[in-house]
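Accompanying notes for the structure given below.
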Amino acid sequence: MLENIRLALRGIITHKMRSFLTMLGVIIGIASIIGIVSIVQGTNARLEKSLIGSGNNVTTVALSQDGAPVDMSNVPSSIPVVSDEKLEKIRGLLGVVSASTFRQREVWNAPVYHGNYTMTNGKIVGASDTLFETMQYKVIKGRNFTDEELKNGGKVAILDMKTVESLFDDDPIGKVVEIKSEPFVVIGIVKDMNATDQEYESIDEFYSDSYSGNSSIYIPENSWPILFQYDEPQSVAIHVTQTSRMVFVGRRAARILNSGIDTASVSYASLSSQDNENSMKTLTDSIQLMLIGIASLSLLVGGIGVMNIMLVSVTERTAEIGLKKALGAKYRTIMFQFLTESAVLTSMGGIIGVILGIIMARIIAYAANLDFGISVPWIIISVVFSVLIGVIFGGWPAFRAAKLNPIDALRRE
């Protein structure tokens, strides 16, 4: 084996230009595949970062109509609040870390003021005792709600950083904000510990972000009737163990919450943009497979080139083959020697192609402002595939070499 590899490398070095031209088809094919996969991997990574948002694996199940959150002021009265029984069923789903109820209204339904400042967008959230834990939020200044405030509906509020920037020039703790002309004392500032800057890629993502914890004022859930109606239906935030389980858990939770609800126009649905991400990934993966198929044509051309050069090599080395067979070399020895030479030739082309593909993908990603990602499995597959090309297309030349009659071979020389 090692001797055959050594002979193959010596032959490649001896005929440098011929070997390079032989490998060119394989190099182009493998480089194209690696480049395509790297760009698609980077695109999928950007999609996950952008569409999933903060990366805290929290999905929201809320009342919706035609895939968008509904105006809670127009929700049918037949829809009840979330029962403890249904919430416990959701918490018992496989992959659920925690689940919490909350209520939410957009700020334009309830104007928010502090002095001469007005908050024009964002949301007001009625928080249960476990909402911050589920959403993985942390009170970074001031304090959290007390049990008494949560139970009796205290007129206190916790703001996020965007709300603080909109309403205050100084420390907001202890100050008063007016919500629908009702005074609420600011007791704390909350922050999503996983928050990242986010770019909207679709209208569905905009709807999802309306539930992601940005520009929010939090009040105790039992304080909700002070501003809005009693027994208003709730939404449920669910923290799951893995991003990949967000769709499954969201749909199962929606099914639980919809049980017993008779209205067809409004129903609970998962507002997680993981559905969007999965659809986008399916599309990019399909495009990736199509482009890989096109790039594989150059591998076919490269394989034919390898077969042609190996046939030339067999013809050039007819005397060498005849002498080896006359000295007792067996059929499988000659066969294996030429297969090894062909495999070494194409594997070198594959390795060079992988390197060029990564470089090419980095250049394209930089020039087009795209993300770049390396797929180790595809690198391994590409190298293995290049070796198989050598074995498959080198098979016929190796067979011809092994079948040569030693007497005829020596006489031809």
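Going through the structure tokens in order, the chains are called A, B, and so on, while each chain numbers its residues from 1 and the ligands are numbered from 1 in the order shown.
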
Open item on the list: Give me the residues near Met246 of chain A as a PyMOL selection string, where near means some atom within 9 Å (using only C-alpha atoms) and where sequence neighbours in that chain fewer than 4 positions away do not count.
Closed with: chain A and resi 57-59+95+238-242+250-251+270+272+274-275

Task: DSSP helix (DSSP H, G or I) residues within segment 123-350 of chain A, listed as a PyMOL selection string - done: chain A and resi 131-135+147-152+161-167+203-209+221-227+243-258+274-316+318-326+331-350

Open item on the list: Let's see if you can do this: from backbone DSSP, list all strand (DSSP E) residues in segment 213-387 of chain A, as a list of chain:residue names.
Closed with: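 Matching residues for strand (DSSP E) in segment 213-387 of chain A are A:Ser216, A:Ile217, A:Tyr218, A:Ile219, A:Pro220, A:Ser235, A:Val236, A:Ala237, A:Ile238, A:His239, A:Val240, A:Ser267, A:Tyr268, A:Ala269, A:Ser270.
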
Could you save those same residues with C-alpha atoms as a CSV table (one decimal), in the first residue's frame?
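out06.csv written:
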chain,number,residue,atom,x,y,z
A,216,SER,CA,-41.9,47.0,27.4
A,217,ILE,CA,-43.5,48.1,30.6
A,218,TYR,CA,-44.2,45.3,33.1
A,219,ILE,CA,-46.9,45.5,35.7
A,220,PRO,CA,-48.3,42.8,38.0
A,235,SER,CA,-50.7,34.4,26.4
A,236,VAL,CA,-48.2,31.8,27.4
A,237,ALA,CA,-44.4,32.1,27.3
A,238,ILE,CA,-42.6,28.8,27.1
A,239,HIS,CA,-38.8,28.2,27.7
A,240,VAL,CA,-37.7,25.0,25.9
A,267,SER,CA,-57.4,30.7,18.2
A,268,TYR,CA,-54.1,30.1,20.0
A,269,ALA,CA,-51.0,29.7,17.8
A,270,SER,CA,-47.3,29.7,18.3

Open item on the list: I'd like to know which of A:Met348, A:Val249, A:Leu356, A:Ile334 is closest to Lys89 of chain A, using only C-alpha atoms.
Closed with: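 Of the candidates, the smallest distance to Lys89 of chain A is held by A:Val249.
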
TODO: Mind giving me the straight-line distance from atom CA of Ser244 of chain A to atom CA of Thr60 of chain A in Å, one decimal?
DONE: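 One can read the atom CA of Ser244 of chain A to atom CA of Thr60 of chain A distance as 14.7 Å.
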
- [ ] Give me the residues within 9 Å of segment 367-383 of chain A as a list in words, counting only C-alpha atoms and dropping any in the same chain fewer than 3 places off.
- [x] Ile30, Ile33, Ile34, Val37, Ser38, Ile39, Val40, Gln41, Gly42, Thr43, Asn44, Ala45, Arg46, Thr346, Ser347, Met348, Gly349, Gly350, Ile351, Gly353, Val354, Ile358, Ala361, Arg362, Ile363, Ile364, Ser386, Val387 and Leu388 of chain A

Open item on the list: List as a PyMOL selection string the protein and nucleic acid residues near segment 73-78 of chain A, meaning an atom at most 10 Å away when only C-alpha atoms are counted, but skip any in the same chain fewer than 5 places from it.
Closed with: chain A and resi 63-64+105+109+228-229+231-233+261-263+265-267

Could those residues be written to a file, using N, CA and C atoms, as a CSV table (one decimal), in the first residue's frame?
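As written to disk, part08.csv reads:
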chain,number,residue,atom,x,y,z
A,63,LEU,N,-53.2,34.3,21.3
A,63,LEU,CA,-54.3,34.3,20.4
A,63,LEU,C,-54.0,35.0,19.1
A,64,SER,N,-54.4,34.5,18.0
A,64,SER,CA,-54.0,35.0,16.7
A,64,SER,C,-55.1,34.8,15.8
A,105,ARG,N,-50.7,44.4,25.8
A,105,ARG,CA,-51.4,45.3,24.9
A,105,ARG,C,-50.3,46.3,24.3
A,109,ASN,N,-52.7,51.5,22.5
A,109,ASN,CA,-54.0,51.3,23.2
A,109,ASN,C,-54.0,51.9,24.6
A,228,PHE,N,-57.3,47.7,32.0
A,228,PHE,CA,-58.1,47.1,30.9
A,228,PHE,C,-59.2,46.3,31.6
A,229,GLN,N,-59.6,45.2,30.9
A,229,GLN,CA,-60.8,44.5,31.3
A,229,GLN,C,-60.4,43.3,32.3
A,231,ASP,N,-60.5,39.5,33.6
A,231,ASP,CA,-60.5,38.1,32.9
A,231,ASP,C,-60.2,38.2,31.4
A,232,GLU,N,-59.3,39.1,31.1
A,232,GLU,CA,-58.8,39.1,29.7
A,232,GLU,C,-58.0,37.9,29.4
A,233,PRO,N,-58.2,37.3,28.2
A,233,PRO,CA,-57.4,36.1,27.9
A,233,PRO,C,-55.9,36.3,28.0
A,261,ILE,N,-62.2,25.6,23.2
A,261,ILE,CA,-62.6,26.9,22.6
A,261,ILE,C,-63.4,26.7,21.4
A,262,ASP,N,-64.6,27.3,21.3
A,262,ASP,CA,-65.5,27.1,20.2
A,262,ASP,C,-65.3,28.0,19.0
A,263,THR,N,-64.8,29.2,19.2
A,263,THR,CA,-64.7,30.1,18.1
A,263,THR,C,-63.6,29.7,17.1
A,265,SER,N,-62.7,31.9,14.4
A,265,SER,CA,-62.0,33.0,13.9
A,265,SER,C,-60.7,33.4,14.6
A,266,VAL,N,-60.7,33.1,16.0
A,266,VAL,CA,-59.5,33.4,16.8
A,266,VAL,C,-59.1,32.1,17.5
A,267,SER,N,-57.9,31.9,17.5
A,267,SER,CA,-57.4,30.7,18.2
A,267,SER,C,-55.9,30.9,18.7

Task: Which of A:His15, A:Gly303, A:Ile90, A:Ala127 sits closest to Ile28 of chain A [using only C-alpha atoms] - done: A:Gly303

Open item on the list: Between atom CA of Lys325 of chain A and atom CA of Ala401 of chain A, what is the distance in Å, rounded to a tenth?
Closed with: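 Atom CA of Lys325 of chain A sits 10.3 Å away from atom CA of Ala401 of chain A.
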
Open item on the list: If we count only C-alpha atoms and set the cut-off at 9 Å, which residues sit around Arg143 of chain A, ignoring sequence neighbours fewer than 3 positions away in its own chain? Please answer as number ranges by chain.
Closed with: A: 139-140, 146, 158, 187-189

- [ ] Could you please determine the separation between atom CA of Gly260 of chain A and atom CA of Ser83 of chain A in Å, to one decimal place?
- [x]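 Atom-to-atom, atom CA of Gly260 of chain A to atom CA of Ser83 of chain A, that is 11.4 Å.
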
Within 8 Å of Gln337 of chain A, counting only C-alpha atoms, which residues show up once you throw out same-chain ones fewer than 3 positions away? Write them as an mmCIF file with C-alpha atoms, in the first residue's frame, please.
data_model
loop_
_atom_site.group_PDB
_atom_site.id
_atom_site.type_symbol
_atom_site.label_atom_id
_atom_site.label_comp_id
_atom_site.auth_asym_id
_atom_site.auth_seq_id
_atom_site.Cartn_x
_atom_site.Cartn_y
_atom_site.Cartn_z
ATOM 1 C CA ASN A 4 1.939 2.085 -4.268
ATOM 2 C CA THR A 333 -1.190 -6.466 -7.409
ATOM 3 C CA ILE A 334 -1.266 -4.688 -10.765
ATOM 4 C CA THR A 340 -4.047 3.540 -5.867
ATOM 5 C CA GLU A 341 -2.437 5.886 -8.383
ATOM 6 C CA ALA A 398 -6.488 -0.743 -13.859
#

- [ ] Name all residues at most 9 Å from segment 161-163 of chain A (count only C-alpha atoms; drop same-chain ones fewer than 5 positions away) and give them as an NGL selection string.
- [x] :A and (119 or 122 or 168 or 189-191 or 214-217)
